[in-house]
file protein17.csv (CSV, C-alpha atoms)
chain,number,residue,atom,x,y,z
A,1,GLN,CA,-9.6,12.2,14.2
A,2,VAL,CA,-6.9,10.3,12.3
A,3,HIS,CA,-7.8,9.2,8.8
A,4,MET,CA,-6.0,7.3,6.1
A,5,VAL,CA,-5.1,8.7,2.7
A,6,GLU,CA,-5.2,6.3,-0.3
A,7,SER,CA,-3.8,6.8,-3.8
A,8,GLY,CA,-3.0,4.7,-6.8
A,9,GLY,CA,-6.3,3.5,-8.0
A,10,GLY,CA,-7.3,3.6,-11.7
A,11,LEU,CA,-8.4,1.7,-14.7
A,12,VAL,CA,-6.5,-1.4,-15.8
A,13,GLN,CA,-7.1,-4.3,-18.1
A,14,ALA,CA,-7.7,-7.8,-16.9
A,15,GLY,CA,-4.4,-9.4,-16.0
A,16,GLY,CA,-2.8,-6.1,-15.3
A,17,SER,CA,-1.3,-4.6,-12.2
A,18,LEU,CA,-1.8,-1.6,-9.9
A,19,ARG,CA,-0.1,-0.4,-6.8
A,20,LEU,CA,-2.1,1.4,-4.1
A,21,SER,CA,-0.5,3.5,-1.4
A,22,CYS,CA,-1.7,4.5,2.0
A,23,VAL,CA,-0.5,7.1,4.4
A,24,PRO,CA,-2.0,8.0,7.8
A,25,SER,CA,-3.0,11.7,8.3
A,26,GLU,CA,-0.9,11.7,11.4
A,27,PRO,CA,2.6,10.1,11.2
A,28,SER,CA,2.3,8.9,14.8
A,29,PHE,CA,-0.5,6.6,13.8
A,30,SER,CA,1.7,4.5,11.7
A,31,GLY,CA,3.7,1.6,13.0
A,32,TYR,CA,0.9,-0.6,14.2
A,33,VAL,CA,-1.5,-2.3,11.9
A,34,THR,CA,-2.7,-1.2,8.5
A,35,GLY,CA,-5.3,-3.1,6.4
A,36,TRP,CA,-6.8,-3.0,3.0
A,37,PHE,CA,-10.5,-3.7,2.3
A,38,ARG,CA,-12.6,-3.4,-0.8
A,39,GLN,CA,-16.2,-3.0,-1.6
A,40,ALA,CA,-17.6,-3.9,-5.0
A,41,PRO,CA,-20.9,-2.5,-6.3
A,42,GLY,CA,-23.8,-4.1,-4.5
A,43,LYS,CA,-21.6,-6.1,-2.2
A,44,GLU,CA,-20.4,-5.8,1.4
A,45,ARG,CA,-16.9,-4.5,2.2
A,46,GLU,CA,-14.4,-7.4,2.4
A,47,PHE,CA,-11.0,-7.9,3.8
A,48,VAL,CA,-8.1,-7.9,1.3
A,49,ALA,CA,-4.8,-7.8,3.3
A,50,ALA,CA,-3.2,-6.4,6.4
A,51,ILE,CA,0.3,-5.9,7.8
A,52,ARG,CA,1.6,-5.6,11.3
A,53,TRP,CA,4.4,-3.1,11.2
A,54,ARG,CA,6.3,-4.7,14.0
A,55,GLY,CA,7.8,-7.8,12.4
A,56,GLY,CA,6.2,-7.1,9.0
A,57,ILE,CA,3.7,-9.9,9.5
A,58,THR,CA,1.1,-10.1,6.7
A,59,TYR,CA,-2.4,-11.4,6.3
A,60,TYR,CA,-4.3,-12.1,3.1
A,61,ALA,CA,-7.7,-13.1,2.0
A,62,ASP,CA,-7.6,-16.4,0.2
A,63,SER,CA,-8.8,-14.9,-3.0
A,64,VAL,CA,-5.7,-12.7,-3.4
A,65,LYS,CA,-3.0,-14.9,-2.0
A,66,GLY,CA,-0.1,-15.2,-4.5
A,67,ARG,CA,-1.3,-12.2,-6.5
A,68,PHE,CA,-1.4,-9.3,-4.0
A,69,THR,CA,1.4,-8.2,-1.8
A,70,ILE,CA,1.1,-5.8,1.1
A,71,SER,CA,4.3,-4.1,2.2
A,72,MET,CA,5.5,-1.1,4.2
A,73,ASP,CA,8.1,1.6,4.0
A,74,ASN,CA,9.0,2.9,7.4
A,75,ALA,CA,11.0,5.9,6.0
A,76,LYS,CA,8.0,7.0,4.0
A,77,ASN,CA,5.4,6.1,6.6
A,78,THR,CA,3.5,4.3,3.8
A,79,VAL,CA,1.8,1.0,3.2
A,80,TYR,CA,1.5,-0.4,-0.3
A,81,LEU,CA,-0.7,-2.9,-1.9
A,82,GLN,CA,0.7,-4.4,-5.1
A,83,MET,CA,-2.0,-6.0,-7.1
A,84,ASN,CA,-1.1,-8.3,-9.9
A,85,SER,CA,-3.3,-10.4,-12.3
A,86,LEU,CA,-6.3,-8.3,-11.6
A,87,GLN,CA,-9.7,-9.6,-12.7
A,88,PRO,CA,-12.9,-7.7,-13.6
A,89,GLU,CA,-14.6,-9.0,-10.5
A,90,GLU,CA,-12.1,-7.2,-8.4
A,91,THR,CA,-13.4,-3.9,-9.6
A,92,ALA,CA,-14.2,-2.1,-6.3
A,93,VAL,CA,-13.4,0.8,-4.1
A,94,TYR,CA,-10.4,-0.1,-2.1
A,95,TYR,CA,-10.1,1.3,1.4
A,96,CYS,CA,-7.1,1.6,3.7
A,97,ALA,CA,-7.7,1.3,7.4
A,98,GLY,CA,-5.6,1.7,10.5
A,99,ARG,CA,-5.8,0.2,14.0
A,100,ARG,CA,-4.9,1.8,17.3
A,101,PRO,CA,-1.9,0.4,19.2
A,102,ALA,CA,-2.7,-2.5,21.5
A,103,PRO,CA,-0.7,-4.9,23.6
A,104,TYR,CA,-2.2,-7.8,21.7
A,105,TYR,CA,-4.0,-8.4,18.4
A,106,SER,CA,-5.9,-11.6,18.1
A,107,PRO,CA,-5.2,-13.3,14.7
A,108,SER,CA,-8.8,-13.2,13.7
A,109,SER,CA,-9.1,-9.5,14.3
A,110,TYR,CA,-6.9,-8.6,11.4
A,111,TYR,CA,-9.6,-9.8,9.0
A,112,SER,CA,-12.5,-7.9,10.6
A,113,GLU,CA,-13.3,-4.3,9.6
A,114,ALA,CA,-14.7,-3.7,13.1
A,115,SER,CA,-11.2,-3.9,14.4
A,116,TYR,CA,-10.1,-0.9,12.5
A,117,THR,CA,-10.7,2.6,13.8
A,118,SER,CA,-9.5,4.9,11.1
A,119,TRP,CA,-10.5,4.8,7.4
A,120,GLY,CA,-9.7,6.5,4.2
A,121,GLN,CA,-12.1,7.8,1.6
A,122,GLY,CA,-11.3,4.9,-0.7
A,123,THR,CA,-9.7,4.7,-4.2
A,124,GLN,CA,-11.5,3.3,-7.2
A,125,VAL,CA,-10.0,0.3,-9.0
A,126,THR,CA,-11.6,-0.6,-12.3
A,127,VAL,CA,-10.6,-3.8,-14.1
A,128,SER,CA,-11.8,-4.0,-17.7
A,129,SER,CA,-12.3,-7.3,-19.5
call {"tool": "encode", "arguments": {"input": "protein17.csv", "output": "structure tokens"}}
result
Amino acid sequence: QVHMVESGGGLVQAGGSLRLSCVPSEPSFSGYVTGWFRQAPGKEREFVAAIRWRGGITYYADSVKGRFTISMDNAKNTVYLQMNSLQPEETAVYYCAGRRPAPYYSPSSYYSEASYTSWGQGTQVTVSS
């Protein structure tokens, strides 16, 4: 079972920045689609951003557009989530997720956690006010 490995979480003050990293447990699983989701205490898990490795096409939740950037490094087999201007309400466990290769991905599917088959344990991000 392939899983994702996240790192980079921590404590930051409001307005600060953090960069999360994600690596699949099996290198062969990279190169398709990687997404980031987050779950705040008492709330449902929500989509944050995703990237399709082929072409580097990115998708963002409206709430993070302009502040968060998802990117990939093919040589390191790693996906990053650069988070700027963080706010206390963005305190959450951030999860990395991967999708199996497919001939076609519908645009809406990038935003749905049900489309992702492999998940990490999550990394805690705490934003203090």
call {"tool": "atom_distance", "arguments": {"input": "protein17.csv", "atom1": "CA of Lys76 (chain A)", "atom2": "CA of Glu26 (chain A)"}}
result
12.5 Å
call {"tool": "atom_distance", "arguments": {"input": "protein17.csv", "atom1": "CA of Tyr32 (chain A)", "atom2": "CA of Gly56 (chain A)"}}
result
9.9 Å
call {"tool": "closest_residue", "arguments": {"input": "protein17.csv", "among": "A:Gln121, A:Ser128, A:Ser112, A:Thr91", "to": "Pro41 (chain A)", "atoms": "only C-alpha atoms"}}
result
A:Thr91
call {"tool": "residues_around", "arguments": {"input": "protein17.csv", "residues": "Met4 (chain A)", "least_positions_apart": "3", "cutoff": "12 Å", "atoms": "all atoms listed in the file", "output": "VMD selection string"}}
result
chain A and resid 1 7 21 to 27 29 to 30 34 to 36 77 to 79 94 to 99 116 to 123
call {"tool": "atom_distance", "arguments": {"input": "protein17.csv", "atom1": "CA of Val93 (chain A)", "atom2": "CA of Thr126 (chain A)"}}
result
8.5 Å
call {"tool": "closest_residue", "arguments": {"input": "protein17.csv", "among": "A:Glu90, A:Ala102, A:Gln13, A:Val2", "to": "Arg45 (chain A)", "atoms": "only C-alpha atoms"}}
result
A:Glu90
call {"tool": "closest_residue", "arguments": {"input": "protein17.csv", "among": "A:Ala14, A:Leu20, A:Leu81, A:Asn74", "to": "Ala50 (chain A)", "atoms": "only C-alpha atoms"}}
result
A:Leu81
call {"tool": "residues_around", "arguments": {"input": "protein17.csv", "residues": "Tyr59 (chain A)", "least_positions_apart": "4", "cutoff": "9 Å", "atoms": "all atoms listed in the file", "output": "NGL selection string"}}
result
:A and (35 or 48-52 or 70 or 110-111)
call {"tool": "residues_near_point", "arguments": {"input": "protein17.csv", "point": "(1.9, -8.0, -17.4)", "cutoff": "12 Å", "atoms": "only C-alpha atoms", "output": "list in words"}}
result
Val12, Gln13, Ala14, Gly15, Gly16, Ser17, Leu18, Met83, Asn84, Ser85 and Leu86 of chain A
call {"tool": "closest_residue", "arguments": {"input": "protein17.csv", "among": "A:Ile57, A:Ala92, A:Val125, A:Met72", "to": "Gly8 (chain A)", "atoms": "all atoms listed in the file"}}
result
A:Val125
call {"tool": "closest_residue", "arguments": {"input": "protein17.csv", "among": "A:Ser129, A:Ser106, A:Ser71, A:Gln87", "to": "Thr58 (chain A)", "atoms": "all atoms listed in the file"}}
result
A:Ser71
call {"tool": "residues_around", "arguments": {"input": "protein17.csv", "residues": "Gln82 (chain A)", "least_positions_apart": "4", "cutoff": "6 Å", "atoms": "only C-alpha atoms", "output": "ChimeraX atom specification"}}
result
/A:19,68-69
call {"tool": "closest_residue", "arguments": {"input": "protein17.csv", "among": "A:Ser115, A:Ser108, A:Glu89, A:Tyr60", "to": "Gln39 (chain A)", "atoms": "only C-alpha atoms"}}
result
A:Glu89
call {"tool": "decode", "arguments": {"input": "protein17.csv", "residues": "region 112-127 of chain A", "atoms": "all heavy atoms", "output": "PDB file, in the first residue's frame"}}
result
ATOM      1  N   SER A 112     -11.875  16.724  -4.863  1.00  0.00           N
ATOM      2  CA  SER A 112     -12.592  15.758  -4.034  1.00  0.00           C
ATOM      3  C   SER A 112     -11.644  14.764  -3.396  1.00  0.00           C
ATOM      4  O   SER A 112     -10.890  14.079  -4.082  1.00  0.00           O
ATOM      5  CB  SER A 112     -13.611  15.000  -4.892  1.00  0.00           C
ATOM      6  OG  SER A 112     -14.152  13.924  -4.168  1.00  0.00           O
ATOM      7  N   GLU A 113     -11.722  14.630  -2.075  1.00  0.00           N
ATOM      8  CA  GLU A 113     -10.838  13.683  -1.408  1.00  0.00           C
ATOM      9  C   GLU A 113     -11.144  12.252  -1.810  1.00  0.00           C
ATOM     10  O   GLU A 113     -10.260  11.397  -1.735  1.00  0.00           O
ATOM     11  CB  GLU A 113     -10.906  13.847   0.102  1.00  0.00           C
ATOM     12  CG  GLU A 113     -12.235  13.527   0.740  1.00  0.00           C
ATOM     13  CD  GLU A 113     -12.123  13.622   2.258  1.00  0.00           C
ATOM     14  OE1 GLU A 113     -11.550  12.694   2.863  1.00  0.00           O
ATOM     15  OE2 GLU A 113     -12.616  14.594   2.837  1.00  0.00           O
ATOM     16  N   ALA A 114     -12.348  11.994  -2.253  1.00  0.00           N
ATOM     17  CA  ALA A 114     -12.707  10.637  -2.681  1.00  0.00           C
ATOM     18  C   ALA A 114     -11.914  10.204  -3.914  1.00  0.00           C
ATOM     19  O   ALA A 114     -11.826   9.007  -4.211  1.00  0.00           O
ATOM     20  CB  ALA A 114     -14.201  10.561  -2.970  1.00  0.00           C
ATOM     21  N   SER A 115     -11.337  11.144  -4.630  1.00  0.00           N
ATOM     22  CA  SER A 115     -10.569  10.819  -5.834  1.00  0.00           C
ATOM     23  C   SER A 115      -9.156  10.363  -5.518  1.00  0.00           C
ATOM     24  O   SER A 115      -8.463   9.867  -6.399  1.00  0.00           O
ATOM     25  CB  SER A 115     -10.506  12.040  -6.752  1.00  0.00           C
ATOM     26  OG  SER A 115     -11.799  12.462  -7.132  1.00  0.00           O
ATOM     27  N   TYR A 116      -8.730  10.542  -4.296  1.00  0.00           N
ATOM     28  CA  TYR A 116      -7.355  10.241  -3.908  1.00  0.00           C
ATOM     29  C   TYR A 116      -7.289   8.910  -3.189  1.00  0.00           C
ATOM     30  O   TYR A 116      -8.108   8.632  -2.309  1.00  0.00           O
ATOM     31  CB  TYR A 116      -6.804  11.355  -3.029  1.00  0.00           C
ATOM     32  CG  TYR A 116      -6.682  12.669  -3.769  1.00  0.00           C
ATOM     33  CD1 TYR A 116      -7.799  13.478  -3.982  1.00  0.00           C
ATOM     34  CD2 TYR A 116      -5.466  13.077  -4.301  1.00  0.00           C
ATOM     35  CE1 TYR A 116      -7.703  14.659  -4.694  1.00  0.00           C
ATOM     36  CE2 TYR A 116      -5.355  14.263  -5.001  1.00  0.00           C
ATOM     37  CZ  TYR A 116      -6.479  15.054  -5.197  1.00  0.00           C
ATOM     38  OH  TYR A 116      -6.372  16.226  -5.905  1.00  0.00           O
ATOM     39  N   THR A 117      -6.306   8.088  -3.546  1.00  0.00           N
ATOM     40  CA  THR A 117      -6.238   6.722  -3.040  1.00  0.00           C
ATOM     41  C   THR A 117      -5.167   6.505  -1.982  1.00  0.00           C
ATOM     42  O   THR A 117      -5.207   5.514  -1.265  1.00  0.00           O
ATOM     43  CB  THR A 117      -5.978   5.752  -4.201  1.00  0.00           C
ATOM     44  OG1 THR A 117      -4.799   6.169  -4.901  1.00  0.00           O
ATOM     45  CG2 THR A 117      -7.156   5.734  -5.165  1.00  0.00           C
ATOM     46  N   SER A 118      -4.211   7.385  -1.901  1.00  0.00           N
ATOM     47  CA  SER A 118      -3.137   7.221  -0.926  1.00  0.00           C
ATOM     48  C   SER A 118      -3.006   8.489  -0.095  1.00  0.00           C
ATOM     49  O   SER A 118      -2.997   9.588  -0.652  1.00  0.00           O
ATOM     50  CB  SER A 118      -1.809   6.920  -1.622  1.00  0.00           C
ATOM     51  OG  SER A 118      -1.886   5.694  -2.312  1.00  0.00           O
ATOM     52  N   TRP A 119      -2.845   8.295   1.198  1.00  0.00           N
ATOM     53  CA  TRP A 119      -2.818   9.429   2.120  1.00  0.00           C
ATOM     54  C   TRP A 119      -1.639   9.323   3.070  1.00  0.00           C
ATOM     55  O   TRP A 119      -1.143   8.233   3.367  1.00  0.00           O
ATOM     56  CB  TRP A 119      -4.110   9.481   2.935  1.00  0.00           C
ATOM     57  CG  TRP A 119      -5.296   9.815   2.119  1.00  0.00           C
ATOM     58  CD1 TRP A 119      -6.030   8.962   1.345  1.00  0.00           C
ATOM     59  CD2 TRP A 119      -5.884  11.111   1.948  1.00  0.00           C
ATOM     60  NE1 TRP A 119      -7.035   9.653   0.713  1.00  0.00           N
ATOM     61  CE2 TRP A 119      -6.983  10.962   1.069  1.00  0.00           C
ATOM     62  CE3 TRP A 119      -5.614  12.375   2.467  1.00  0.00           C
ATOM     63  CZ2 TRP A 119      -7.791  12.032   0.688  1.00  0.00           C
ATOM     64  CZ3 TRP A 119      -6.408  13.445   2.092  1.00  0.00           C
ATOM     65  CH2 TRP A 119      -7.486  13.271   1.213  1.00  0.00           C
ATOM     66  N   GLY A 120      -1.242  10.481   3.581  1.00  0.00           N
ATOM     67  CA  GLY A 120      -0.235  10.506   4.612  1.00  0.00           C
ATOM     68  C   GLY A 120      -0.872  10.597   5.990  1.00  0.00           C
ATOM     69  O   GLY A 120      -2.099  10.658   6.118  1.00  0.00           O
ATOM     70  N   GLN A 121      -0.042  10.606   7.008  1.00  0.00           N
ATOM     71  CA  GLN A 121      -0.526  10.691   8.381  1.00  0.00           C
ATOM     72  C   GLN A 121      -0.902  12.115   8.768  1.00  0.00           C
ATOM     73  O   GLN A 121      -1.591  12.326   9.767  1.00  0.00           O
ATOM     74  CB  GLN A 121       0.550  10.174   9.342  1.00  0.00           C
ATOM     75  CG  GLN A 121       0.824   8.692   9.208  1.00  0.00           C
ATOM     76  CD  GLN A 121      -0.378   7.859   9.584  1.00  0.00           C
ATOM     77  OE1 GLN A 121      -1.008   8.081  10.622  1.00  0.00           O
ATOM     78  NE2 GLN A 121      -0.734   6.901   8.737  1.00  0.00           N
ATOM     79  N   GLY A 122      -0.448  13.067   7.993  1.00  0.00           N
ATOM     80  CA  GLY A 122      -0.752  14.453   8.283  1.00  0.00           C
ATOM     81  C   GLY A 122       0.353  15.135   9.070  1.00  0.00           C
ATOM     82  O   GLY A 122       1.106  14.486   9.801  1.00  0.00           O
ATOM     83  N   THR A 123       0.416  16.440   8.919  1.00  0.00           N
ATOM     84  CA  THR A 123       1.377  17.243   9.666  1.00  0.00           C
ATOM     85  C   THR A 123       0.638  18.447  10.252  1.00  0.00           C
ATOM     86  O   THR A 123      -0.167  19.084   9.571  1.00  0.00           O
ATOM     87  CB  THR A 123       2.558  17.678   8.772  1.00  0.00           C
ATOM     88  OG1 THR A 123       3.529  18.378   9.555  1.00  0.00           O
ATOM     89  CG2 THR A 123       2.123  18.571   7.611  1.00  0.00           C
ATOM     90  N   GLN A 124       0.876  18.704  11.510  1.00  0.00           N
ATOM     91  CA  GLN A 124       0.142  19.752  12.215  1.00  0.00           C
ATOM     92  C   GLN A 124       0.710  21.124  11.869  1.00  0.00           C
ATOM     93  O   GLN A 124       1.929  21.348  11.946  1.00  0.00           O
ATOM     94  CB  GLN A 124       0.224  19.531  13.719  1.00  0.00           C
ATOM     95  CG  GLN A 124      -0.446  20.607  14.556  1.00  0.00           C
ATOM     96  CD  GLN A 124      -1.946  20.589  14.449  1.00  0.00           C
ATOM     97  OE1 GLN A 124      -2.578  19.542  14.520  1.00  0.00           O
ATOM     98  NE2 GLN A 124      -2.547  21.768  14.274  1.00  0.00           N
ATOM     99  N   VAL A 125      -0.190  22.021  11.524  1.00  0.00           N
ATOM    100  CA  VAL A 125       0.161  23.429  11.323  1.00  0.00           C
ATOM    101  C   VAL A 125      -0.648  24.237  12.326  1.00  0.00           C
ATOM    102  O   VAL A 125      -1.882  24.154  12.345  1.00  0.00           O
ATOM    103  CB  VAL A 125      -0.151  23.883   9.886  1.00  0.00           C
ATOM    104  CG1 VAL A 125       0.020  25.393   9.750  1.00  0.00           C
ATOM    105  CG2 VAL A 125       0.751  23.157   8.892  1.00  0.00           C
ATOM    106  N   THR A 126       0.038  24.991  13.159  1.00  0.00           N
ATOM    107  CA  THR A 126      -0.620  25.814  14.166  1.00  0.00           C
ATOM    108  C   THR A 126      -0.236  27.267  13.935  1.00  0.00           C
ATOM    109  O   THR A 126       0.954  27.592  13.899  1.00  0.00           O
ATOM    110  CB  THR A 126      -0.224  25.391  15.581  1.00  0.00           C
ATOM    111  OG1 THR A 126      -0.568  24.002  15.769  1.00  0.00           O
ATOM    112  CG2 THR A 126      -0.951  26.226  16.621  1.00  0.00           C
ATOM    113  N   VAL A 127      -1.250  28.097  13.763  1.00  0.00           N
ATOM    114  CA  VAL A 127      -1.028  29.517  13.525  1.00  0.00           C
ATOM    115  C   VAL A 127      -1.523  30.286  14.747  1.00  0.00           C
ATOM    116  O   VAL A 127      -2.710  30.258  15.061  1.00  0.00           O
ATOM    117  CB  VAL A 127      -1.747  30.001  12.260  1.00  0.00           C
ATOM    118  CG1 VAL A 127      -1.378  31.450  11.966  1.00  0.00           C
ATOM    119  CG2 VAL A 127      -1.394  29.111  11.070  1.00  0.00           C
TER     120      VAL A 127
END
